[in-house]
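See structure below.
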Amino acid sequence: MPGPGCPGDRAGSCTQFSAQEVPVPGGWSWVLEARHMNKIFPQGDGGDHAAGTEVLPGGEGAQACVTPTNRTGFLCHDRRSCIPASGVCDGVRSCTHGEDEDEAMCRDMPQSLPRFLVARCGDPSSWIYSDQKCDGTNNCGDCSDELSPVTVCPACGPGWWRCPSTVFPYCGCIPRILCRDRVQHCSDWSDEYSCPGP
């Protein structure tokens, strides 16, 4: 039976979501699973693939998880290891069986990557890994991964100072460690005159 938001009596496309708390070394972590289904017949996809799985070009499934730093991650086949999205196809085998470096998944990035690992920039031809959105760093080059209207990020965290920044790596916040260092990082100089410092 399809979950909420997935009509059972007509063809179309929908996404099902579920969450599960699982044990990980040193504690517990939440595994978020999203399943995109293209329903052609009212019977659904025939149950060939597990819920929360995005089928990859090689027929393998990929599952999303939440890393200890509360970012989107890739769940290894051991169902315990959750690696950051940006750790997929980086040339380093982080999963025990190397599924994060699978040739079919890494061959034609970003098209071959599971959708939950990819975030688009303001320039539609540019992309970043989904865990790089709202991380305080200008990963897209145009700040679209940090500022609206493309992205809505939470306010600057406790280790950051909000200002119109002039330094390329940052967009609307700079690390407080840069405050009062006698170098202008904000266009209004607030990092030198208003910021209380680290």
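The way I read the labels, and the way they are meant: chains A, B, ... in the order of the structure tokens, residue 1 as the first residue of every chain, and ligand 1 as the first ligand shown, with later ones counted on from there.
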Could you tell me, as a PyMOL selection string, which residues of region 40-172 of chain A DSSP assigns to strand (DSSP E or B) when given the backbone?
chain A and resi 54-55+61-66+72-75+82-84+118-120+127-129+160-162+165
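Counting only C-alpha atoms, Arg182 (chain A) has the following residues at most 10 Å away, ignoring those fewer than 6 positions along the same chain: Trp189, Asp191, Glu192 and Tyr193 of chain A.
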Selection near region 130-144 of chain A, 6 Å with only C-alpha atoms, sequence-local residues under 6 positions removed, as number ranges by chain:
A: 71-72, 85, 117-119, 121-122, 150, 153, 169-171
Considering only C-alpha atoms, return as a ChimeraX atom specification whatever protein or nucleic-acid residues lie within 9 Å of region 156-158 of chain A, sequence-local ones (same chain, fewer than 2 positions apart) excluded.
/A:136,153-154,160-162,172-174,176
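Pairwise distance (CA of Phe168 (chain A), CA of Asn70 (chain A)) equals 25.2 Å.
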Figure out the distance between CA of Asp100 (chain A) and CA of Ala62 (chain A), please, to one decimal in Å.
9.2 Å
Can you pull out every residue within 9 Å of region 93-98 of chain A, counting only C-alpha atoms, but drop anything in the same chain fewer than 4 positions away, and send it as a PyMOL selection string?
chain A and resi 75-78+81-83+87-89+102
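CA of Pro196 (chain A) to CA of Ala155 (chain A) spans 17.2 Å [interatomic distance, one decimal].
Nearest-residue note for Arg115 (chain A): choosing from A:Leu147, A:Ala64, A:Cys179, A:Cys163, the minimum distance belongs to A:Ala64, counting only C-alpha atoms.
Compared by their closest atoms to Gly159 (chain A), and using only C-alpha atoms, the residues A:Asp145, A:Gly61, A:Gly197, A:Asp188 rank with A:Gly197 nearest.
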